[in-house]
>>> print(open('run02.txt').read())   # compact mmCIF, C-alpha atoms and all ligand atoms
# COMPACT_ATOMS: atom_id res chain seq x y z
CA MET V 15 0.00 0.00 0.00
CA GLY V 16 1.00 3.62 -0.21
CA LEU V 17 2.85 3.84 3.06
CA THR V 18 5.66 6.05 1.90
CA GLU V 19 8.03 7.20 4.57
CA THR V 20 10.13 10.31 4.17
CA GLU V 21 12.22 12.45 6.49
CA GLU V 22 9.09 14.54 6.81
CA THR V 23 6.75 11.71 7.90
CA ASN V 24 9.41 10.56 10.39
CA LYS V 25 8.85 13.78 12.33
CA PHE V 26 5.16 13.05 12.87
CA THR V 27 5.04 9.84 14.85
CA PHE V 28 2.40 8.03 16.86
CA GLU V 29 4.43 7.94 20.08
CA ALA V 30 2.93 10.94 21.90
CA PHE V 31 -0.63 9.66 21.42
CA ALA V 32 0.32 6.11 22.38
CA ALA V 33 1.80 7.36 25.67
CA HIS V 34 -1.60 8.47 27.04
CA PRO V 35 -2.76 6.23 29.91
CA PHE V 36 -6.20 5.50 28.42
CA TYR V 37 -4.46 4.08 25.33
CA THR V 38 -2.31 1.78 27.44
CA GLU V 39 -5.39 0.61 29.33
CA VAL V 40 -7.56 -0.19 26.33
CA ASN V 41 -4.72 -2.15 24.71
CA ARG V 42 -3.78 -3.86 27.97
CA THR V 43 -7.36 -5.16 28.27
CA LEU V 44 -7.06 -6.81 24.85
CA VAL V 45 -3.59 -8.19 25.59
CA GLN V 46 -4.75 -9.70 28.88
CA GLN V 47 -7.90 -11.18 27.33
CA ALA V 48 -5.85 -12.75 24.57
CA LEU V 49 -3.14 -14.07 26.87
CA ALA V 50 -5.76 -15.63 29.16
CA HIS V 51 -6.29 -18.13 26.33
CA LEU V 52 -2.77 -19.43 26.93
CA SER V 53 -3.47 -20.58 30.48
CA SER V 54 -4.47 -24.03 29.24
CA ARG V 55 -1.19 -24.48 27.34
CA SER V 56 1.83 -26.16 28.85
CA ALA V 57 4.15 -23.53 30.34
CA GLU V 58 7.19 -25.56 29.32
CA ASN V 59 7.21 -24.77 25.63
CA PRO V 60 8.11 -21.25 24.57
CA ILE V 61 5.28 -19.36 22.95
CA THR V 62 5.59 -17.51 19.67
CA ILE V 63 3.73 -14.21 19.50
CA VAL V 64 3.62 -11.84 16.53
CA ASP V 65 2.70 -8.19 16.94
CA MET V 66 1.63 -7.24 13.43
CA ALA V 67 1.65 -3.48 12.66
CA CYS V 68 3.55 -3.04 15.93
CA GLY V 69 4.47 0.54 15.01
CA THR V 70 6.45 2.23 17.75
CA GLY V 71 5.86 -0.79 19.98
CA ALA V 72 3.23 0.29 22.53
CA VAL V 73 1.49 -3.09 22.36
CA THR V 74 4.74 -5.06 21.98
CA ARG V 75 5.85 -3.67 25.34
CA LEU V 76 2.53 -4.59 26.94
CA ILE V 77 2.83 -8.17 25.67
CA ALA V 78 6.40 -8.36 26.98
CA GLU V 79 5.32 -7.01 30.39
CA GLU V 80 2.43 -9.44 30.73
CA MET V 81 4.53 -12.42 29.68
CA ALA V 82 7.30 -11.46 32.12
CA HIS V 83 4.57 -11.32 34.78
CA GLN V 84 3.48 -14.84 33.93
CA GLY V 85 7.10 -15.99 33.84
CA ARG V 86 6.63 -17.67 30.49
CA GLN V 87 9.21 -18.11 27.76
CA ILE V 88 8.28 -16.21 24.67
CA HIS V 89 9.52 -15.57 21.18
CA LEU V 90 8.16 -12.11 20.42
CA ILE V 91 8.28 -10.68 16.91
CA GLY V 92 7.11 -7.20 15.95
CA VAL V 93 6.38 -6.54 12.27
CA ASP V 94 5.59 -3.19 10.65
CA PRO V 95 6.06 -1.58 7.22
CA SER V 96 7.59 1.54 8.79
CA ALA V 97 11.36 1.41 9.36
CA GLU V 98 11.26 4.54 11.48
CA ALA V 99 8.54 3.13 13.75
CA LEU V 100 10.57 -0.09 14.15
CA ARG V 101 13.66 1.87 15.19
CA ARG V 102 11.61 3.51 17.92
CA ALA V 103 10.03 0.20 18.94
CA GLN V 104 13.47 -1.37 19.25
CA LYS V 105 14.64 1.51 21.44
CA GLY V 106 11.54 1.22 23.63
CA MET V 107 12.36 -2.42 24.44
CA GLU V 108 15.78 -1.58 25.85
CA GLY V 109 16.06 -2.66 29.46
CA MET V 110 13.00 -4.94 29.38
CA CYS V 111 13.58 -8.50 30.48
CA VAL V 112 11.62 -10.00 27.60
CA LYS V 113 13.38 -9.48 24.27
CA ALA V 114 11.69 -8.83 20.94
CA GLU V 115 12.79 -9.11 17.36
CA PHE V 116 11.59 -6.48 14.87
CA ILE V 117 11.15 -7.13 11.17
CA GLN V 118 10.03 -4.75 8.43
CA GLY V 119 7.05 -5.93 6.42
CA ASP V 120 3.28 -5.92 6.01
CA ALA V 121 0.65 -8.62 6.33
CA ASP V 122 1.48 -10.00 2.87
CA ASP V 123 5.07 -10.65 3.98
CA LEU V 124 4.08 -12.58 7.11
CA PRO V 125 4.09 -16.12 5.67
CA SER V 126 7.71 -15.66 4.60
CA ILE V 127 8.68 -14.30 8.03
CA VAL V 128 7.07 -16.69 10.53
CA HIS V 129 4.92 -19.79 10.90
CA ASN V 130 3.51 -21.91 13.74
CA VAL V 131 2.60 -18.79 15.66
CA ASP V 132 0.57 -19.25 18.85
CA MET V 133 -0.85 -15.75 18.99
CA ALA V 134 -0.94 -12.74 16.71
CA PHE V 135 -1.93 -9.16 17.47
CA PHE V 136 -3.02 -6.53 14.96
CA CYS V 137 -3.71 -3.42 17.04
CA ASN V 138 -4.99 -0.04 15.93
CA ALA V 139 -4.02 -0.59 12.32
CA ILE V 140 -6.52 -2.89 10.59
CA HIS V 141 -8.54 0.16 9.42
CA LEU V 142 -5.43 1.26 7.49
CA VAL V 143 -5.33 -1.98 5.50
CA PRO V 144 -7.25 -1.76 2.22
CA ASP V 145 -7.88 -5.51 1.87
CA LYS V 146 -8.79 -6.69 5.37
CA HIS V 147 -10.02 -10.06 4.14
CA SER V 148 -6.67 -11.01 2.68
CA ALA V 149 -4.86 -9.65 5.78
CA PHE V 150 -6.98 -12.02 7.90
CA GLN V 151 -6.14 -14.87 5.53
CA ARG V 152 -2.44 -14.16 6.02
CA MET V 153 -2.89 -14.04 9.79
CA ALA V 154 -4.71 -17.38 9.76
CA SER V 155 -1.98 -18.93 7.62
CA ILE V 156 0.79 -18.21 10.14
CA LEU V 157 -1.18 -19.38 13.21
CA VAL V 158 -1.22 -22.92 14.61
CA SER V 159 -4.58 -24.60 14.81
CA GLY V 160 -6.26 -23.19 17.95
CA GLY V 161 -4.02 -20.11 17.72
CA ILE V 162 -5.36 -16.74 18.82
CA PHE V 163 -5.77 -13.60 16.76
CA ALA V 164 -6.36 -10.35 18.68
CA CYS V 165 -7.26 -7.15 16.91
CA ASN V 166 -8.67 -3.76 17.86
CA SER V 167 -9.63 -0.48 16.26
CA ALA V 168 -11.28 2.85 17.01
CA PHE V 169 -11.97 3.50 13.32
CA TYR V 170 -15.01 1.38 12.55
CA GLU V 171 -18.74 1.82 12.10
CA GLY V 172 -19.93 2.22 15.70
CA THR V 173 -16.89 3.95 17.16
CA TYR V 174 -18.65 7.31 17.62
CA VAL V 175 -20.41 7.64 20.96
CA LEU V 176 -23.86 9.14 20.40
CA GLY V 177 -23.74 12.94 20.30
CA THR V 178 -19.99 13.20 19.68
CA GLU V 179 -20.06 13.42 15.86
CA ARG V 180 -20.41 17.18 16.09
CA PHE V 181 -17.00 17.36 17.76
CA TYR V 182 -15.28 15.67 14.79
CA ARG V 183 -17.19 17.76 12.26
CA LEU V 184 -16.30 20.98 14.03
CA TRP V 185 -12.67 19.95 14.53
CA THR V 186 -12.29 19.35 10.78
CA ARG V 187 -14.21 22.48 9.85
CA ARG V 188 -12.11 24.67 12.16
CA ALA V 189 -8.90 23.07 10.86
CA VAL V 190 -9.89 23.85 7.27
CA SER V 191 -10.75 27.47 8.19
CA TRP V 192 -7.45 27.84 10.04
CA LEU V 193 -5.59 26.62 6.94
CA ARG V 194 -7.50 28.95 4.66
CA LYS V 195 -6.57 31.90 6.84
CA GLU V 196 -2.97 31.02 7.73
CA HIS V 197 -1.93 29.17 4.56
CA PRO V 198 -4.22 30.26 1.71
CA ASP V 199 -1.88 28.59 -0.79
CA VAL V 200 -2.53 25.12 0.71
CA HIS V 201 -5.41 23.05 -0.70
CA LEU V 202 -7.06 19.82 0.31
CA SER V 203 -6.98 17.17 -2.39
CA ARG V 204 -10.28 15.84 -3.59
CA GLU V 205 -9.21 12.23 -3.70
CA THR V 206 -11.68 9.48 -2.99
CA LYS V 207 -12.21 8.60 0.65
CA ALA V 208 -8.93 7.82 2.37
CA VAL V 209 -8.40 4.17 3.27
CA ALA V 210 -8.56 5.04 6.96
CA MET V 211 -12.11 6.19 6.40
CA GLN V 212 -13.40 2.93 4.93
CA TRP V 213 -14.92 1.69 8.12
CA LEU V 214 -16.36 -1.80 8.64
CA THR V 215 -19.09 -2.71 11.11
CA PRO V 216 -18.27 -5.21 13.90
CA GLU V 217 -20.52 -7.70 12.06
CA GLU V 218 -18.47 -7.30 8.88
CA TYR V 219 -15.27 -7.95 10.82
CA VAL V 220 -16.76 -11.09 12.37
CA ALA V 221 -18.02 -12.35 9.00
CA SER V 222 -14.65 -11.76 7.37
CA LEU V 223 -12.82 -13.59 10.16
CA LYS V 224 -15.24 -16.53 9.98
CA GLU V 225 -14.64 -16.78 6.23
CA THR V 226 -10.87 -16.77 6.66
CA GLY V 227 -10.47 -19.72 9.02
CA PHE V 228 -11.46 -18.49 12.47
CA ASN V 229 -14.29 -20.36 14.17
CA GLN V 230 -14.77 -18.53 17.45
CA VAL V 231 -14.88 -14.76 17.21
CA GLU V 232 -15.65 -12.64 20.28
CA THR V 233 -16.09 -8.89 20.05
CA THR V 234 -16.44 -6.32 22.80
CA ASN V 235 -16.99 -2.59 22.67
CA GLN V 236 -15.01 -0.60 25.20
CA ASP V 237 -15.75 3.04 25.91
CA VAL V 238 -12.85 5.34 26.66
CA LEU V 239 -12.55 9.07 27.38
CA ILE V 240 -10.03 10.89 25.21
CA SER V 241 -8.77 14.31 26.34
CA LEU V 242 -8.29 17.20 23.94
CA ASP V 243 -4.54 16.90 24.56
CA ALA V 244 -4.67 13.29 23.37
CA TRP V 245 -6.63 14.29 20.24
CA ARG V 246 -4.03 16.98 19.63
CA ASP V 247 -1.32 14.31 19.82
CA LEU V 248 -3.19 12.09 17.38
CA GLY V 249 -3.35 15.13 15.10
CA GLN V 250 0.48 15.11 15.06
CA TYR V 251 0.60 11.57 13.56
CA TRP V 252 1.24 11.58 9.84
CA LEU V 253 -1.21 8.83 8.89
CA PHE V 254 -3.97 10.62 10.81
CA ILE V 255 -3.12 13.98 9.21
CA GLU V 256 -3.25 12.39 5.76
CA GLY V 257 -6.66 10.90 6.55
CA ALA V 258 -8.12 14.06 8.10
CA LEU V 259 -6.65 16.66 5.73
CA PRO V 260 -5.67 14.82 2.54
CA GLY V 261 -3.08 16.55 0.39
CA VAL V 262 -2.09 19.11 3.04
CA PRO V 263 1.64 19.27 3.92
CA LEU V 264 2.14 17.54 7.28
CA ALA V 265 3.53 20.52 9.19
CA GLN V 266 0.61 22.76 8.21
CA GLY V 267 -1.89 19.95 8.76
CA ALA V 268 -0.53 19.26 12.24
CA SER V 269 -0.71 22.95 13.20
CA ALA V 270 -4.23 23.24 11.84
CA LEU V 271 -5.42 20.18 13.78
CA GLU V 272 -3.72 21.39 16.95
CA ASN V 273 -5.29 24.84 16.84
CA ALA V 274 -8.67 23.56 15.77
CA VAL V 275 -9.00 20.84 18.40
CA TYR V 276 -8.92 23.34 21.27
CA GLN V 277 -11.18 25.71 19.39
CA ALA V 278 -13.76 22.97 18.81
CA GLY V 279 -13.48 21.84 22.43
CA GLN V 280 -14.01 25.36 23.69
CA GLU V 281 -16.98 26.03 21.43
CA LEU V 282 -18.67 22.82 22.53
CA GLY V 283 -17.61 23.14 26.17
CA LEU V 284 -15.72 19.82 26.08
CA THR V 285 -12.39 18.84 27.58
CA GLU V 286 -12.68 15.20 26.58
CA VAL V 287 -14.60 13.14 24.05
CA ALA V 288 -15.84 9.58 24.56
CA ARG V 289 -15.05 6.99 21.91
CA THR V 290 -15.69 3.27 21.59
CA TRP V 291 -12.97 0.74 20.83
CA LEU V 292 -13.77 -2.51 19.08
CA GLN V 293 -11.83 -5.40 20.61
CA ILE V 294 -11.78 -8.72 18.76
CA ILE V 295 -10.44 -12.10 19.80
CA ALA V 296 -10.65 -14.91 17.28
CA THR V 297 -9.54 -18.53 17.47
CA LYS V 298 -8.21 -20.32 14.43
CA ALA V 299 -10.15 -23.48 13.68
C1 LIG V 301 -1.61 3.68 14.73
S1 LIG V 301 -0.21 2.66 14.52
C2 LIG V 301 -0.53 1.35 15.67
C3 LIG V 301 0.73 0.81 16.32
C4 LIG V 301 0.54 -0.25 17.41
N1 LIG V 301 0.06 -1.51 16.87
C5 LIG V 301 -0.39 0.23 18.49
O1 LIG V 301 -1.46 -0.37 18.65
O2 LIG V 301 -0.08 1.18 19.19
C6 LIG V 301 -0.56 1.94 12.94
C7 LIG V 301 0.56 1.13 12.33
O3 LIG V 301 0.07 0.43 11.18
C8 LIG V 301 1.09 0.37 10.22
N2 LIG V 301 0.47 0.11 8.91
C9 LIG V 301 -0.03 1.00 8.04
N3 LIG V 301 -0.51 0.38 6.96
C10 LIG V 301 -0.31 -0.95 7.15
C11 LIG V 301 -0.58 -2.11 6.37
N4 LIG V 301 -1.17 -2.05 5.20
N5 LIG V 301 -0.22 -3.31 6.89
C12 LIG V 301 0.35 -3.38 8.09
N6 LIG V 301 0.63 -2.32 8.86
C13 LIG V 301 0.30 -1.11 8.40
C14 LIG V 301 1.80 1.70 10.34
O4 LIG V 301 3.13 1.66 9.88
C15 LIG V 301 1.71 1.98 11.84
O5 LIG V 301 2.90 1.62 12.51
>>> encode(input="run02.txt", output="structure tokens")
Amino acid sequence: MGLTETEETNKFTFEAFAAHPFYTEVNRTLVQQALAHLSSRSAENPITIVDMACGTGAVTRLIAEEMAHQGRQIHLIGVDPSAEALRRAQKGMEGMCVKAEFIQGDADDLPSIVHNVDMAFFCNAIHLVPDKHSAFQRMASILVSGGIFACNSAFYEGTYVLGTERFYRLWTRRAVSWLRKEHPDVHLSRETKAVAMQWLTPEEYVASLKETGFNQVETTNQDVLISLDAWRDLGQYWLFIEGALPGVPLAQGASALENAVYQAGQELGLTEVARTWLQIIATKA
């Protein structure tokens, strides 16, 4: 896919957003739910876990922490198309007692990277993948029979808590006005809907997983409160900027989103906005 890194995109990373406590908590819930499925397995054999789309490693570190807690041996592999994100993920693992290996690639590359995997994560990234069905097929192909696939997203049909849509509309509108005023030479591109905006319903996710070799699929919806500061930090992430303000240079887009988020919050009298996370745990047949 068109994930093209440059020196410019490297300046707009996901790390600040991923450091917010609510983000750790929502991901930790998924990690713990997934790892609970391992309790029936013999503790003697090391377990292979893949963190697909690991990015800067927020979830990789959670997996490592939980496994260290359980005192289990683990072979942990983080995979992501972004070399810059992997460098940061690698750095973030320094000093942890569980080690991880990081490999550059996307879901299509997985079968040539690993096999006989006990558990695979795909956190906060599936909405960025144009062909989710084939990504699930790849995930199924690397898992052992009975292996666990854990996936979550806050970009799906159902993620907006009732009454909060107006916040997102106003945020975008204020960002566009800010750009028009401060950078009249900058224009939004009129491309078709960005990939990040092609949202599936939970039912569509379940159906796709059932068609790609998973027999048990559990979904939960988890509500979280996201502060304006956290939204600002998400507005500094290049993939989010490209989705929200397509065609706008990243630096201008980030400034627009930063100014506009506080403006929208003030106009609506909000300091935080609720959002629902979709958490999915599927078992390979
Ligand atoms: C928002 S970050 C999530 C990182 C981490 N998994 C987490 O939950 O904090 C999204 C990641 O998806 C990766 N990504 C984008 N497109 C992808 C694709 N088609 N296949 C796999 N990963 C992709 C990006 O490089 C980025 O690191």
>>> residues_near_point(input="run02.txt", point="(-15.0, -5.2, 21.1)", cutoff="6 Å", atoms="all atoms listed in the file", output="list in words")
Thr233, Thr234, Asn235, Leu292, Gln293 and Ile294 of chain V
>>> residues_near_ligand(input="run02.txt", ligand="ligand LIG 301 (chain V)", cutoff="9 Å", atoms="only C-alpha atoms and all ligand atoms", output="count of residues only")
52
>>> atom_distance(input="run02.txt", atom1="atom CA of V:Phe163", atom2="atom CA of V:Ala48")
7.9 Å
>>> atom_distance(input="run02.txt", atom1="atom CA of V:Thr62", atom2="atom CA of V:Ala33")
25.9 Å
>>> residues_around(input="run02.txt", residues="V:Glu58", least_positions_apart="3", cutoff="10 Å", atoms="all atoms listed in the file", output="VMD selection string")
chain V and resid 55 61 86 to 87
>>> atom_distance(input="run02.txt", atom1="atom CA of V:His201", atom2="atom CA of V:Ala30")
27.0 Å
>>> closest_residue(input="run02.txt", among="V:Ala189, V:Val220, V:Ile88, V:Ala299", to="V:Tyr276", atoms="all atoms listed in the file")
V:Ala189
>>> axis_aligned_box(input="run02.txt", around="stretch 64-70 of chain V", padding_each_side="5 Å", output="JSON")
{"center_x": 4.0, "center_y": -4.8, "center_z": 15.2, "size_x": 14.8, "size_y": 24.1, "size_z": 15.1}
>>> residues_around(input="run02.txt", residues="V:Glu21", least_positions_apart="2", cutoff="12 Å", atoms="all atoms listed in the file", output="list in words")
Thr18, Glu19, Thr23, Asn24, Lys25, Phe26, Thr27, Ala97, Glu98, Trp252 and Leu264 of chain V
>>> write_last_selection(input="run02.txt", atoms="C-alpha atoms", output="PDB file, in the coordinates of the input")
ATOM      1  CA  THR V  18       5.660   6.050   1.900  1.00  0.00           C
ATOM      2  CA  GLU V  19       8.030   7.200   4.570  1.00  0.00           C
ATOM      3  CA  THR V  23       6.750  11.710   7.900  1.00  0.00           C
ATOM      4  CA  ASN V  24       9.410  10.560  10.390  1.00  0.00           C
ATOM      5  CA  LYS V  25       8.850  13.780  12.330  1.00  0.00           C
ATOM      6  CA  PHE V  26       5.160  13.050  12.870  1.00  0.00           C
ATOM      7  CA  THR V  27       5.040   9.840  14.850  1.00  0.00           C
ATOM      8  CA  ALA V  97      11.360   1.410   9.360  1.00  0.00           C
ATOM      9  CA  GLU V  98      11.260   4.540  11.480  1.00  0.00           C
ATOM     10  CA  TRP V 252       1.240  11.580   9.840  1.00  0.00           C
ATOM     11  CA  LEU V 264       2.140  17.540   7.280  1.00  0.00           C
TER      12      LEU V 264
END
>>> residues_around(input="run02.txt", residues="V:Met81", least_positions_apart="3", cutoff="10 Å", atoms="only C-alpha atoms", output="PDB file with C-alpha atoms, in the coordinates of the input")
ATOM      1  CA  GLN V  46      -4.750  -9.700  28.880  1.00  0.00           C
ATOM      2  CA  LEU V  49      -3.140 -14.070  26.870  1.00  0.00           C
ATOM      3  CA  ILE V  61       5.280 -19.360  22.950  1.00  0.00           C
ATOM      4  CA  ARG V  75       5.850  -3.670  25.340  1.00  0.00           C
ATOM      5  CA  LEU V  76       2.530  -4.590  26.940  1.00  0.00           C
ATOM      6  CA  ILE V  77       2.830  -8.170  25.670  1.00  0.00           C
ATOM      7  CA  ALA V  78       6.400  -8.360  26.980  1.00  0.00           C
ATOM      8  CA  GLN V  84       3.480 -14.840  33.930  1.00  0.00           C
ATOM      9  CA  GLY V  85       7.100 -15.990  33.840  1.00  0.00           C
ATOM     10  CA  ARG V  86       6.630 -17.670  30.490  1.00  0.00           C
ATOM     11  CA  GLN V  87       9.210 -18.110  27.760  1.00  0.00           C
ATOM     12  CA  ILE V  88       8.280 -16.210  24.670  1.00  0.00           C
ATOM     13  CA  LEU V  90       8.160 -12.110  20.420  1.00  0.00           C
ATOM     14  CA  CYS V 111      13.580  -8.500  30.480  1.00  0.00           C
ATOM     15  CA  VAL V 112      11.620 -10.000  27.600  1.00  0.00           C
TER      16      VAL V 112
END
>>> closest_residue(input="run02.txt", among="V:Asp123, V:Glu196, V:Glu79, V:Asp243", to="V:Thr285", atoms="only C-alpha atoms")
V:Asp243
>>> residues_around(input="run02.txt", residues="V:Arg246", least_positions_apart="4", cutoff="7 Å", atoms="all atoms listed in the file", output="list in words")
Leu242, Gln250, Leu271, Glu272 and Val275 of chain V
>>> residues_around(input="run02.txt", residues="V:Ile240", least_positions_apart="3", cutoff="10 Å", atoms="only C-alpha atoms", output="ChimeraX atom specification")
/V:34-37,237,243-245,285-289
>>> closest_residue(input="run02.txt", among="V:Ser269, V:Ser241, V:Gln151, V:Thr290", to="V:Lys224", atoms="all atoms listed in the file")
V:Gln151
>>> closest_residue(input="run02.txt", among="V:Ala168, V:Leu214, V:Ala268, V:Met110", to="V:Trp291", atoms="all atoms listed in the file")
V:Ala168
>>> closest_residue(input="run02.txt", among="V:Ile91, V:Ala274, V:Ala82, V:Val231", to="V:Leu184", atoms="all atoms listed in the file")
V:Ala274
>>> closest_residue(input="run02.txt", among="V:Arg187, V:Gln212, V:Ile117, V:His51", to="V:Gln104", atoms="all atoms listed in the file")
V:Ile117
>>> build_atoms(input="run02.txt", residues="stretch 25-54 of chain V", atoms="N, CA and C atoms", output="PDB file, in the coordinates of the input")
ATOM      1  N   LYS V  25       8.971  12.784  11.254  1.00  0.00           N
ATOM      2  CA  LYS V  25       8.850  13.780  12.330  1.00  0.00           C
ATOM      3  C   LYS V  25       7.476  13.729  12.980  1.00  0.00           C
ATOM      4  N   PHE V  26       6.536  13.041  12.356  1.00  0.00           N
ATOM      5  CA  PHE V  26       5.160  13.050  12.870  1.00  0.00           C
ATOM      6  C   PHE V  26       4.755  11.641  13.287  1.00  0.00           C
ATOM      7  N   THR V  27       5.241  11.245  14.452  1.00  0.00           N
ATOM      8  CA  THR V  27       5.040   9.840  14.850  1.00  0.00           C
ATOM      9  C   THR V  27       3.851   9.687  15.797  1.00  0.00           C
ATOM     10  N   PHE V  28       3.559   8.426  16.064  1.00  0.00           N
ATOM     11  CA  PHE V  28       2.400   8.030  16.860  1.00  0.00           C
ATOM     12  C   PHE V  28       2.722   8.011  18.351  1.00  0.00           C
ATOM     13  N   GLU V  29       3.996   8.196  18.694  1.00  0.00           N
ATOM     14  CA  GLU V  29       4.430   7.940  20.080  1.00  0.00           C
ATOM     15  C   GLU V  29       3.729   8.777  21.140  1.00  0.00           C
ATOM     16  N   ALA V  30       3.534  10.069  20.876  1.00  0.00           N
ATOM     17  CA  ALA V  30       2.930  10.940  21.900  1.00  0.00           C
ATOM     18  C   ALA V  30       1.514  10.466  22.225  1.00  0.00           C
ATOM     19  N   PHE V  31       0.741  10.131  21.181  1.00  0.00           N
ATOM     20  CA  PHE V  31      -0.630   9.660  21.420  1.00  0.00           C
ATOM     21  C   PHE V  31      -0.608   8.345  22.189  1.00  0.00           C
ATOM     22  N   ALA V  32       0.279   7.447  21.766  1.00  0.00           N
ATOM     23  CA  ALA V  32       0.320   6.110  22.380  1.00  0.00           C
ATOM     24  C   ALA V  32       0.773   6.141  23.833  1.00  0.00           C
ATOM     25  N   ALA V  33       1.330   7.273  24.285  1.00  0.00           N
ATOM     26  CA  ALA V  33       1.800   7.360  25.670  1.00  0.00           C
ATOM     27  C   ALA V  33       0.681   7.763  26.639  1.00  0.00           C
ATOM     28  N   HIS V  34      -0.512   8.085  26.133  1.00  0.00           N
ATOM     29  CA  HIS V  34      -1.600   8.470  27.040  1.00  0.00           C
ATOM     30  C   HIS V  34      -2.120   7.237  27.789  1.00  0.00           C
ATOM     31  N   PRO V  35      -2.363   7.391  29.094  1.00  0.00           N
ATOM     32  CA  PRO V  35      -2.760   6.230  29.910  1.00  0.00           C
ATOM     33  C   PRO V  35      -3.995   5.486  29.413  1.00  0.00           C
ATOM     34  N   PHE V  36      -4.999   6.209  28.889  1.00  0.00           N
ATOM     35  CA  PHE V  36      -6.200   5.500  28.420  1.00  0.00           C
ATOM     36  C   PHE V  36      -5.835   4.524  27.300  1.00  0.00           C
ATOM     37  N   TYR V  37      -4.857   4.900  26.483  1.00  0.00           N
ATOM     38  CA  TYR V  37      -4.460   4.080  25.330  1.00  0.00           C
ATOM     39  C   TYR V  37      -3.792   2.788  25.824  1.00  0.00           C
ATOM     40  N   THR V  38      -2.940   2.955  26.835  1.00  0.00           N
ATOM     41  CA  THR V  38      -2.310   1.780  27.440  1.00  0.00           C
ATOM     42  C   THR V  38      -3.396   0.848  27.990  1.00  0.00           C
ATOM     43  N   GLU V  39      -4.373   1.433  28.682  1.00  0.00           N
ATOM     44  CA  GLU V  39      -5.390   0.610  29.330  1.00  0.00           C
ATOM     45  C   GLU V  39      -6.246  -0.170  28.338  1.00  0.00           C
ATOM     46  N   VAL V  40      -6.673   0.491  27.278  1.00  0.00           N
ATOM     47  CA  VAL V  40      -7.560  -0.190  26.330  1.00  0.00           C
ATOM     48  C   VAL V  40      -6.792  -1.329  25.625  1.00  0.00           C
ATOM     49  N   ASN V  41      -5.529  -1.100  25.349  1.00  0.00           N
ATOM     50  CA  ASN V  41      -4.720  -2.150  24.710  1.00  0.00           C
ATOM     51  C   ASN V  41      -4.367  -3.255  25.708  1.00  0.00           C
ATOM     52  N   ARG V  42      -4.108  -2.857  26.966  1.00  0.00           N
ATOM     53  CA  ARG V  42      -3.780  -3.860  27.970  1.00  0.00           C
ATOM     54  C   ARG V  42      -4.958  -4.835  28.170  1.00  0.00           C
ATOM     55  N   THR V  43      -6.177  -4.293  28.135  1.00  0.00           N
ATOM     56  CA  THR V  43      -7.360  -5.160  28.270  1.00  0.00           C
ATOM     57  C   THR V  43      -7.343  -6.241  27.187  1.00  0.00           C
ATOM     58  N   LEU V  44      -7.078  -5.833  25.953  1.00  0.00           N
ATOM     59  CA  LEU V  44      -7.060  -6.810  24.850  1.00  0.00           C
ATOM     60  C   LEU V  44      -5.929  -7.819  25.046  1.00  0.00           C
ATOM     61  N   VAL V  45      -4.753  -7.312  25.412  1.00  0.00           N
ATOM     62  CA  VAL V  45      -3.590  -8.190  25.590  1.00  0.00           C
ATOM     63  C   VAL V  45      -3.885  -9.222  26.686  1.00  0.00           C
ATOM     64  N   GLN V  46      -4.460  -8.762  27.782  1.00  0.00           N
ATOM     65  CA  GLN V  46      -4.750  -9.700  28.880  1.00  0.00           C
ATOM     66  C   GLN V  46      -5.809 -10.715  28.485  1.00  0.00           C
ATOM     67  N   GLN V  47      -6.854 -10.253  27.782  1.00  0.00           N
ATOM     68  CA  GLN V  47      -7.900 -11.180  27.330  1.00  0.00           C
ATOM     69  C   GLN V  47      -7.324 -12.231  26.402  1.00  0.00           C
ATOM     70  N   ALA V  48      -6.437 -11.801  25.522  1.00  0.00           N
ATOM     71  CA  ALA V  48      -5.850 -12.750  24.570  1.00  0.00           C
ATOM     72  C   ALA V  48      -4.934 -13.730  25.297  1.00  0.00           C
ATOM     73  N   LEU V  49      -4.097 -13.201  26.182  1.00  0.00           N
ATOM     74  CA  LEU V  49      -3.140 -14.070  26.870  1.00  0.00           C
ATOM     75  C   LEU V  49      -3.815 -15.056  27.821  1.00  0.00           C
ATOM     76  N   ALA V  50      -5.020 -14.708  28.288  1.00  0.00           N
ATOM     77  CA  ALA V  50      -5.760 -15.630  29.160  1.00  0.00           C
ATOM     78  C   ALA V  50      -6.013 -16.961  28.448  1.00  0.00           C
ATOM     79  N   HIS V  51      -6.071 -16.909  27.109  1.00  0.00           N
ATOM     80  CA  HIS V  51      -6.290 -18.130  26.330  1.00  0.00           C
ATOM     81  C   HIS V  51      -5.100 -19.083  26.397  1.00  0.00           C
ATOM     82  N   LEU V  52      -3.975 -18.575  26.872  1.00  0.00           N
ATOM     83  CA  LEU V  52      -2.770 -19.430  26.930  1.00  0.00           C
ATOM     84  C   LEU V  52      -2.719 -20.250  28.211  1.00  0.00           C
ATOM     85  N   SER V  53      -3.603 -19.940  29.170  1.00  0.00           N
ATOM     86  CA  SER V  53      -3.470 -20.580  30.480  1.00  0.00           C
ATOM     87  C   SER V  53      -3.599 -22.098  30.395  1.00  0.00           C
ATOM     88  N   SER V  54      -4.299 -22.576  29.360  1.00  0.00           N
ATOM     89  CA  SER V  54      -4.470 -24.030  29.240  1.00  0.00           C
ATOM     90  C   SER V  54      -3.262 -24.699  28.569  1.00  0.00           C
TER      91      SER V  54
END
